[in-house]
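Enquirer: Structure: my_file.txt, compact mmCIF, N, CA and C atoms.
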# COMPACT_ATOMS: atom_id res chain seq x y z
N MET A 1 92.55 9.11 12.12
CA MET A 1 91.26 8.50 12.35
C MET A 1 90.31 9.59 12.84
N VAL A 2 89.08 9.54 12.33
CA VAL A 2 88.03 10.46 12.75
C VAL A 2 86.91 9.61 13.33
N GLU A 3 86.42 9.97 14.51
CA GLU A 3 85.33 9.24 15.14
C GLU A 3 84.07 10.10 15.13
N PHE A 4 82.95 9.48 14.73
CA PHE A 4 81.65 10.13 14.77
C PHE A 4 80.87 9.50 15.92
N LEU A 5 80.31 10.31 16.79
CA LEU A 5 79.55 9.82 17.93
C LEU A 5 78.08 10.15 17.74
N GLY A 6 77.21 9.13 17.87
CA GLY A 6 75.78 9.33 17.73
C GLY A 6 75.14 9.75 19.04
N GLU A 7 73.89 10.21 18.96
CA GLU A 7 73.18 10.67 20.14
C GLU A 7 72.96 9.55 21.14
N GLY A 8 72.84 8.32 20.68
CA GLY A 8 72.60 7.18 21.56
C GLY A 8 73.88 6.50 22.01
N GLY A 9 75.03 7.12 21.78
CA GLY A 9 76.30 6.54 22.19
C GLY A 9 76.96 5.69 21.11
N GLU A 10 76.32 5.58 19.93
CA GLU A 10 76.93 4.82 18.84
C GLU A 10 78.19 5.52 18.39
N LYS A 11 79.14 4.73 17.89
CA LYS A 11 80.39 5.32 17.43
C LYS A 11 80.82 4.64 16.14
N ILE A 12 81.20 5.44 15.17
CA ILE A 12 81.78 4.93 13.93
C ILE A 12 83.11 5.64 13.75
N ALA A 13 84.16 4.85 13.52
CA ALA A 13 85.49 5.41 13.32
C ALA A 13 85.87 5.24 11.85
N VAL A 14 86.40 6.30 11.26
CA VAL A 14 86.86 6.27 9.88
C VAL A 14 88.38 6.41 9.91
N THR A 15 89.06 5.38 9.39
CA THR A 15 90.51 5.41 9.31
C THR A 15 90.90 5.58 7.85
N MET A 16 91.75 6.55 7.59
CA MET A 16 92.15 6.83 6.21
C MET A 16 93.63 6.52 6.04
N ALA A 17 93.94 5.79 5.00
CA ALA A 17 95.33 5.53 4.64
C ALA A 17 95.70 6.50 3.53
N ILE A 18 96.72 7.28 3.74
CA ILE A 18 97.14 8.27 2.75
C ILE A 18 98.39 7.76 2.06
N SER A 19 98.37 7.70 0.73
CA SER A 19 99.47 7.13 -0.03
C SER A 19 100.69 8.05 -0.09
N ASP A 20 100.51 9.34 0.13
CA ASP A 20 101.62 10.30 0.10
C ASP A 20 102.01 10.65 1.53
N PRO A 21 103.16 10.16 2.04
CA PRO A 21 103.53 10.41 3.44
C PRO A 21 103.82 11.88 3.74
N HIS A 22 104.03 12.69 2.72
CA HIS A 22 104.32 14.11 2.92
C HIS A 22 103.05 14.96 2.97
N LEU A 23 101.91 14.34 2.66
CA LEU A 23 100.63 15.05 2.66
C LEU A 23 100.13 15.19 4.09
N THR A 24 99.80 16.40 4.49
CA THR A 24 99.21 16.63 5.81
C THR A 24 97.88 17.34 5.62
N LEU A 25 96.89 16.90 6.35
CA LEU A 25 95.57 17.50 6.27
C LEU A 25 95.22 18.10 7.63
N ASP A 26 94.60 19.28 7.60
CA ASP A 26 94.16 19.86 8.86
C ASP A 26 92.90 19.16 9.33
N LYS A 27 92.47 19.49 10.54
CA LYS A 27 91.32 18.81 11.15
C LYS A 27 90.06 18.92 10.27
N ALA A 28 89.81 20.10 9.73
CA ALA A 28 88.61 20.30 8.90
C ALA A 28 88.67 19.43 7.64
N ALA A 29 89.85 19.31 7.02
CA ALA A 29 89.99 18.48 5.82
C ALA A 29 89.80 17.01 6.15
N LEU A 30 90.34 16.56 7.30
CA LEU A 30 90.15 15.16 7.71
C LEU A 30 88.68 14.85 7.95
N VAL A 31 87.99 15.75 8.66
CA VAL A 31 86.56 15.55 8.92
C VAL A 31 85.79 15.55 7.61
N GLY A 32 86.16 16.43 6.68
CA GLY A 32 85.50 16.47 5.37
C GLY A 32 85.67 15.16 4.60
N CYS A 33 86.90 14.63 4.57
CA CYS A 33 87.15 13.35 3.89
C CYS A 33 86.38 12.22 4.56
N ALA A 34 86.40 12.19 5.90
CA ALA A 34 85.69 11.15 6.63
C ALA A 34 84.18 11.24 6.40
N THR A 35 83.66 12.45 6.34
CA THR A 35 82.23 12.63 6.08
C THR A 35 81.87 12.12 4.69
N GLU A 36 82.72 12.40 3.70
CA GLU A 36 82.48 11.87 2.34
C GLU A 36 82.41 10.35 2.35
N MET A 37 83.32 9.73 3.09
CA MET A 37 83.33 8.26 3.16
C MET A 37 82.06 7.74 3.82
N MET A 38 81.59 8.44 4.86
CA MET A 38 80.36 8.02 5.53
C MET A 38 79.17 8.12 4.58
N VAL A 39 79.12 9.17 3.79
CA VAL A 39 78.03 9.35 2.84
C VAL A 39 78.06 8.23 1.80
N GLN A 40 79.27 7.83 1.35
CA GLN A 40 79.37 6.75 0.37
C GLN A 40 78.86 5.43 0.94
N CYS A 41 78.98 5.26 2.24
CA CYS A 41 78.58 4.00 2.86
C CYS A 41 77.11 4.00 3.26
N ALA A 42 76.48 5.15 3.31
CA ALA A 42 75.08 5.23 3.71
C ALA A 42 74.19 4.62 2.63
N ALA A 43 73.14 3.97 3.04
CA ALA A 43 72.21 3.37 2.08
C ALA A 43 71.14 4.40 1.71
N PHE A 44 70.99 4.65 0.43
CA PHE A 44 69.99 5.58 -0.05
C PHE A 44 68.96 4.82 -0.87
N GLY A 45 67.71 4.93 -0.50
CA GLY A 45 66.63 4.34 -1.29
C GLY A 45 66.70 2.83 -1.35
N ASN A 46 66.09 2.29 -2.38
CA ASN A 46 65.99 0.86 -2.57
C ASN A 46 67.14 0.39 -3.44
N THR A 47 67.99 -0.48 -2.91
CA THR A 47 69.13 -0.98 -3.67
C THR A 47 68.84 -2.34 -4.28
N ASP A 48 67.59 -2.80 -4.25
CA ASP A 48 67.27 -4.12 -4.80
C ASP A 48 67.65 -4.24 -6.27
N GLU A 49 67.53 -3.14 -7.03
CA GLU A 49 67.84 -3.22 -8.45
C GLU A 49 69.34 -3.38 -8.69
N LEU A 50 70.18 -3.10 -7.68
CA LEU A 50 71.62 -3.22 -7.83
C LEU A 50 72.13 -4.60 -7.42
N SER A 51 71.27 -5.43 -6.90
CA SER A 51 71.73 -6.73 -6.42
C SER A 51 70.73 -7.80 -6.79
N GLY A 52 71.11 -9.00 -6.59
CA GLY A 52 70.24 -10.13 -6.87
C GLY A 52 70.96 -11.39 -6.48
N PRO A 53 70.30 -12.52 -6.63
CA PRO A 53 70.91 -13.76 -6.20
C PRO A 53 72.20 -14.07 -6.95
N ASP A 54 72.35 -13.59 -8.18
CA ASP A 54 73.57 -13.88 -8.94
C ASP A 54 74.75 -13.04 -8.49
N SER A 55 74.48 -11.87 -7.88
CA SER A 55 75.59 -10.99 -7.51
C SER A 55 76.03 -11.18 -6.07
N TYR A 56 75.26 -11.90 -5.26
CA TYR A 56 75.60 -12.07 -3.85
C TYR A 56 76.52 -13.25 -3.65
N ARG A 57 77.63 -12.98 -2.98
CA ARG A 57 78.57 -14.05 -2.65
C ARG A 57 78.86 -13.99 -1.17
N ASP A 58 78.51 -15.01 -0.44
CA ASP A 58 78.83 -15.09 0.98
C ASP A 58 80.16 -15.80 1.11
N ILE A 59 81.18 -15.06 1.53
CA ILE A 59 82.50 -15.63 1.66
C ILE A 59 82.67 -16.22 3.05
N GLY A 60 81.79 -15.89 3.96
CA GLY A 60 81.91 -16.35 5.34
C GLY A 60 80.92 -17.43 5.67
N GLY A 61 80.45 -17.41 6.93
CA GLY A 61 79.53 -18.43 7.45
C GLY A 61 78.10 -18.11 7.10
N PRO A 62 77.14 -18.52 7.97
CA PRO A 62 75.71 -18.36 7.70
C PRO A 62 75.32 -16.89 7.54
N ALA A 63 74.45 -16.62 6.56
CA ALA A 63 74.05 -15.25 6.26
C ALA A 63 73.25 -14.61 7.38
N ASP A 64 72.63 -15.41 8.25
CA ASP A 64 71.81 -14.85 9.30
C ASP A 64 72.62 -14.52 10.56
N LYS A 65 73.92 -14.73 10.54
CA LYS A 65 74.76 -14.46 11.70
C LYS A 65 75.86 -13.46 11.35
N PRO A 66 75.53 -12.18 11.25
CA PRO A 66 76.58 -11.21 10.93
C PRO A 66 77.60 -11.15 12.07
N ARG A 67 78.84 -10.94 11.68
CA ARG A 67 79.93 -10.90 12.66
C ARG A 67 80.55 -9.51 12.68
N GLY A 68 79.72 -8.52 12.89
CA GLY A 68 80.21 -7.15 12.88
C GLY A 68 80.84 -6.79 14.20
N PRO A 69 81.23 -5.53 14.34
CA PRO A 69 81.07 -4.50 13.32
C PRO A 69 81.98 -4.74 12.12
N PHE A 70 81.56 -4.24 10.98
CA PHE A 70 82.28 -4.48 9.73
C PHE A 70 83.17 -3.29 9.39
N THR A 71 84.24 -3.59 8.67
CA THR A 71 85.13 -2.56 8.16
C THR A 71 85.08 -2.61 6.64
N PHE A 72 84.68 -1.51 6.02
CA PHE A 72 84.65 -1.41 4.56
C PHE A 72 85.97 -0.82 4.10
N GLU A 73 86.58 -1.44 3.09
CA GLU A 73 87.83 -0.96 2.51
C GLU A 73 87.56 -0.57 1.06
N TYR A 74 87.90 0.66 0.72
CA TYR A 74 87.66 1.21 -0.61
C TYR A 74 89.00 1.39 -1.31
N ARG A 75 89.17 0.80 -2.48
CA ARG A 75 90.42 0.91 -3.22
C ARG A 75 90.31 2.04 -4.23
N ASP A 76 91.26 2.95 -4.16
CA ASP A 76 91.29 4.09 -5.07
C ASP A 76 92.73 4.29 -5.50
N ASN A 77 93.04 3.88 -6.72
CA ASN A 77 94.40 3.90 -7.24
C ASN A 77 95.33 3.13 -6.30
N ASN A 78 96.31 3.80 -5.72
CA ASN A 78 97.29 3.11 -4.87
C ASN A 78 97.00 3.24 -3.39
N SER A 79 95.85 3.72 -3.01
CA SER A 79 95.53 3.87 -1.59
C SER A 79 94.26 3.09 -1.25
N VAL A 80 94.13 2.81 0.04
CA VAL A 80 92.95 2.11 0.54
C VAL A 80 92.37 2.97 1.66
N ARG A 81 91.09 3.27 1.54
CA ARG A 81 90.39 4.00 2.60
C ARG A 81 89.56 3.00 3.38
N GLN A 82 89.46 3.20 4.69
CA GLN A 82 88.68 2.30 5.53
C GLN A 82 87.57 3.06 6.24
N LEU A 83 86.45 2.39 6.39
CA LEU A 83 85.35 2.88 7.20
C LEU A 83 85.04 1.78 8.20
N GLN A 84 85.33 2.01 9.46
CA GLN A 84 85.19 0.99 10.50
C GLN A 84 83.92 1.20 11.29
N GLY A 85 83.48 0.12 11.95
CA GLY A 85 82.37 0.21 12.89
C GLY A 85 81.00 0.19 12.26
N VAL A 86 80.88 -0.34 11.06
CA VAL A 86 79.59 -0.36 10.37
C VAL A 86 78.79 -1.59 10.82
N GLU A 87 77.59 -1.37 11.30
CA GLU A 87 76.72 -2.46 11.73
C GLU A 87 75.63 -2.65 10.68
N LEU A 88 75.52 -3.86 10.15
CA LEU A 88 74.47 -4.18 9.19
C LEU A 88 73.80 -5.48 9.62
N ALA A 89 72.57 -5.69 9.17
CA ALA A 89 71.75 -6.79 9.67
C ALA A 89 72.16 -8.16 9.18
N SER A 90 72.77 -8.26 8.01
CA SER A 90 73.09 -9.58 7.46
C SER A 90 74.28 -9.46 6.51
N LEU A 91 74.85 -10.59 6.15
CA LEU A 91 75.93 -10.58 5.18
C LEU A 91 75.43 -10.19 3.80
N GLU A 92 74.18 -10.46 3.52
CA GLU A 92 73.61 -10.00 2.25
C GLU A 92 73.56 -8.48 2.21
N ALA A 93 73.18 -7.86 3.32
CA ALA A 93 73.17 -6.40 3.40
C ALA A 93 74.59 -5.84 3.26
N VAL A 94 75.57 -6.54 3.83
CA VAL A 94 76.97 -6.14 3.70
C VAL A 94 77.38 -6.15 2.23
N HIS A 95 77.06 -7.25 1.53
CA HIS A 95 77.44 -7.33 0.12
C HIS A 95 76.70 -6.29 -0.72
N ASP A 96 75.43 -6.09 -0.45
CA ASP A 96 74.66 -5.08 -1.20
C ASP A 96 75.29 -3.69 -1.04
N GLU A 97 75.71 -3.35 0.18
CA GLU A 97 76.34 -2.05 0.42
C GLU A 97 77.69 -1.97 -0.26
N ALA A 98 78.45 -3.06 -0.24
CA ALA A 98 79.76 -3.08 -0.91
C ALA A 98 79.57 -2.89 -2.42
N LEU A 99 78.57 -3.53 -2.99
CA LEU A 99 78.30 -3.40 -4.42
C LEU A 99 77.88 -1.98 -4.77
N ARG A 100 76.99 -1.40 -3.96
CA ARG A 100 76.55 -0.02 -4.20
C ARG A 100 77.74 0.94 -4.10
N SER A 101 78.62 0.71 -3.13
CA SER A 101 79.79 1.56 -2.96
C SER A 101 80.76 1.42 -4.13
N ALA A 102 80.92 0.19 -4.64
CA ALA A 102 81.81 -0.04 -5.79
C ALA A 102 81.30 0.69 -7.02
N ILE A 103 79.99 0.69 -7.21
CA ILE A 103 79.39 1.42 -8.34
C ILE A 103 79.63 2.92 -8.16
N ASP A 104 79.52 3.41 -6.92
CA ASP A 104 79.82 4.82 -6.66
C ASP A 104 81.28 5.14 -6.98
N LEU A 105 82.20 4.21 -6.67
CA LEU A 105 83.61 4.42 -7.01
C LEU A 105 83.79 4.55 -8.52
N LEU A 106 83.06 3.74 -9.29
CA LEU A 106 83.13 3.84 -10.75
C LEU A 106 82.68 5.22 -11.21
N ASP A 107 81.60 5.71 -10.60
CA ASP A 107 81.07 7.03 -10.98
C ASP A 107 82.05 8.14 -10.64
N ASP A 108 82.84 7.97 -9.57
CA ASP A 108 83.80 8.99 -9.14
C ASP A 108 85.07 8.98 -9.97
N ARG A 109 85.36 7.90 -10.62
CA ARG A 109 86.63 7.76 -11.37
C ARG A 109 86.50 8.41 -12.74
N THR A 110 87.51 9.15 -13.12
CA THR A 110 87.48 9.80 -14.44
C THR A 110 88.24 9.01 -15.48
N GLU A 111 89.35 8.32 -15.07
CA GLU A 111 90.15 7.63 -16.07
C GLU A 111 89.71 6.19 -16.32
N GLY A 112 89.04 5.57 -15.39
CA GLY A 112 88.56 4.20 -15.59
C GLY A 112 89.67 3.20 -15.75
N GLY A 113 89.34 1.97 -16.07
CA GLY A 113 90.32 0.95 -16.36
C GLY A 113 90.93 0.25 -15.18
N GLN A 114 90.54 0.60 -13.95
CA GLN A 114 91.12 -0.07 -12.79
C GLN A 114 90.57 -1.48 -12.69
N GLU A 115 91.42 -2.41 -12.34
CA GLU A 115 91.04 -3.82 -12.25
C GLU A 115 91.21 -4.32 -10.82
N GLY A 116 90.69 -5.51 -10.56
CA GLY A 116 90.81 -6.11 -9.24
C GLY A 116 89.69 -5.67 -8.32
N TRP A 117 89.90 -5.85 -7.02
CA TRP A 117 88.84 -5.53 -6.07
C TRP A 117 88.65 -4.03 -5.95
N ALA A 118 87.39 -3.63 -5.78
CA ALA A 118 87.04 -2.22 -5.59
C ALA A 118 86.69 -1.95 -4.13
N VAL A 119 85.85 -2.81 -3.58
CA VAL A 119 85.43 -2.70 -2.18
C VAL A 119 85.47 -4.09 -1.57
N ARG A 120 86.04 -4.18 -0.39
CA ARG A 120 85.99 -5.43 0.35
C ARG A 120 85.61 -5.11 1.77
N VAL A 121 85.03 -6.12 2.43
CA VAL A 121 84.50 -5.91 3.77
C VAL A 121 85.05 -6.98 4.70
N ARG A 122 85.52 -6.54 5.85
CA ARG A 122 86.03 -7.45 6.87
C ARG A 122 85.07 -7.47 8.05
N ASP A 123 84.94 -8.65 8.67
CA ASP A 123 84.10 -8.74 9.86
C ASP A 123 84.89 -8.30 11.08
N GLY A 124 84.30 -8.43 12.25
CA GLY A 124 84.92 -7.98 13.49
C GLY A 124 86.25 -8.66 13.79
N SER A 125 86.45 -9.86 13.25
CA SER A 125 87.71 -10.58 13.49
C SER A 125 88.77 -10.26 12.44
N GLY A 126 88.41 -9.48 11.40
CA GLY A 126 89.35 -9.12 10.35
C GLY A 126 89.26 -9.99 9.11
N LYS A 127 88.41 -11.00 9.13
CA LYS A 127 88.23 -11.89 7.98
C LYS A 127 87.43 -11.19 6.88
N ILE A 128 87.87 -11.31 5.64
CA ILE A 128 87.12 -10.74 4.51
C ILE A 128 85.86 -11.57 4.31
N VAL A 129 84.69 -10.92 4.40
CA VAL A 129 83.41 -11.59 4.26
C VAL A 129 82.69 -11.23 2.97
N SER A 130 83.15 -10.20 2.27
CA SER A 130 82.56 -9.83 0.99
C SER A 130 83.58 -9.02 0.20
N SER A 131 83.56 -9.20 -1.11
CA SER A 131 84.46 -8.46 -1.97
C SER A 131 83.77 -8.23 -3.30
N VAL A 132 83.87 -7.01 -3.81
CA VAL A 132 83.28 -6.66 -5.10
C VAL A 132 84.41 -6.10 -5.96
N ASP A 133 84.60 -6.67 -7.14
CA ASP A 133 85.65 -6.16 -8.02
C ASP A 133 85.06 -5.16 -9.01
N PHE A 134 85.95 -4.43 -9.67
CA PHE A 134 85.50 -3.39 -10.60
C PHE A 134 84.69 -3.98 -11.76
N ASN A 135 85.04 -5.17 -12.23
CA ASN A 135 84.29 -5.79 -13.33
C ASN A 135 82.85 -6.09 -12.92
N GLU A 136 82.66 -6.63 -11.72
CA GLU A 136 81.30 -6.91 -11.24
C GLU A 136 80.50 -5.61 -11.13
N ALA A 137 81.13 -4.57 -10.60
CA ALA A 137 80.44 -3.28 -10.46
C ALA A 137 80.04 -2.73 -11.83
N ARG A 138 80.94 -2.87 -12.82
CA ARG A 138 80.62 -2.41 -14.19
C ARG A 138 79.42 -3.19 -14.76
N ARG A 139 79.43 -4.52 -14.57
CA ARG A 139 78.34 -5.36 -15.11
C ARG A 139 77.00 -4.98 -14.48
N VAL A 140 76.97 -4.84 -13.17
CA VAL A 140 75.72 -4.52 -12.48
C VAL A 140 75.24 -3.13 -12.84
N LYS A 141 76.18 -2.19 -12.94
CA LYS A 141 75.80 -0.82 -13.32
C LYS A 141 75.22 -0.80 -14.74
N ALA A 142 75.85 -1.52 -15.67
CA ALA A 142 75.35 -1.56 -17.05
C ALA A 142 73.97 -2.20 -17.12
N ALA A 143 73.75 -3.23 -16.33
CA ALA A 143 72.45 -3.92 -16.33
C ALA A 143 71.35 -3.02 -15.76
N ALA A 144 71.71 -2.12 -14.83
CA ALA A 144 70.72 -1.25 -14.20
C ALA A 144 70.38 -0.04 -15.07
N GLU A 145 71.22 0.26 -16.07
CA GLU A 145 70.98 1.45 -16.89
C GLU A 145 70.00 1.17 -18.01
Could you render the structure from this file as structure tokens?

Expert:
Amino acid sequence: MVEFLGEGGEKIAVTMAISDPHLTLDKAALVGCATEMMVQCAAFGNTDELSGPDSYRDIGGPADKPRGPFTFEYRDNNSVRQLQGVELASLEAVHDEALRSAIDLLDDRTEGGQEGWAVRVRDGSGKIVSSVDFNEARRVKAAAE
């Protein structure tokens, strides 16, 4: 786990699950991987074109009551990477970020063809509140091009 501390005392922890138990990473490599994950989760520009009423699914309670901090889980082949401690204003913002991240995962993949969920998000209690599958990410990406 790598923790990033903000100037105002904010803290975001990145937990990485490594599928190869024999793989060891030094401190610099862990920080580099965690930084990459943080960049993938950061919102850049206007993401309105990547989302809309048809792509938003609220799996939890009322959209105006986020139950963060949220944990984003990124599926990459046989491993799952987690980014914990993400605070967002609404469940719609959570889903928009999950969708944007899933599209980024598609862009990073060279072989393609992965099925099932790409990014899912858990609230502070561990309940999944949003999930984006690879097919949805492909459809939204194609519509935006």

Enquirer: Let me make sure I understand: among A:Lys27, A:Arg81, A:Arg67, A:Arg138, which one has the smallest atom-to-atom distance to Gly116 in chain A if we use only C-alpha atoms?

Expert: A:Arg138

Enquirer: List the spatial neighbours of range 120-136 of chain A as a list in words - criterion: any atom at most 5 Å away, only N, CA and C atoms, same-chain residues fewer than 3 positions off excluded.

Expert: Ile59, Gly60, Arg67, Gly68, Pro69, Phe70, Thr71, Phe72, Glu73, Gly116, Trp117, Arg139 and Val140 of chain A

Enquirer: State, in Å with one decimal place, the distance from atom N of Ser79 in chain A to atom C of Lys141 in chain A.

Expert: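 Here the two named atoms are 24.2 Å from each other.
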
Enquirer: When DSSP works through the backbone of this structure, what residues of range 75-116 of chain A end up as strand (DSSP E or B), shown as a list in words?

Expert: Arg75, Asp76, Ser79, Val80, Arg81, Gln82, Leu83, Gln84, Gly85 and Val86 of chain A

Enquirer: Calculated over only C-alpha atoms, which of the candidates A:Leu91, A:Ala137, A:Val86, A:Ala28 has the smallest distance to Val14 in chain A?

Expert: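 Counting only C-alpha atoms, the residue closest to Val14 in chain A is A:Val86.
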
Enquirer: How many Å separate atom N of Met1 in chain A from atom C of Thr15 in chain A?

Expert: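 Separation of atom N of Met1 in chain A and atom C of Thr15 in chain A: 5.8 Å.
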
Enquirer: Work out how far atom N of Glu3 in chain A is from atom C of Glu115 in chain A, in Å to one decimal.

Expert: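 Value for the atom C of Glu115 in chain A-atom N of Glu3 in chain A distance: 29.5 Å.
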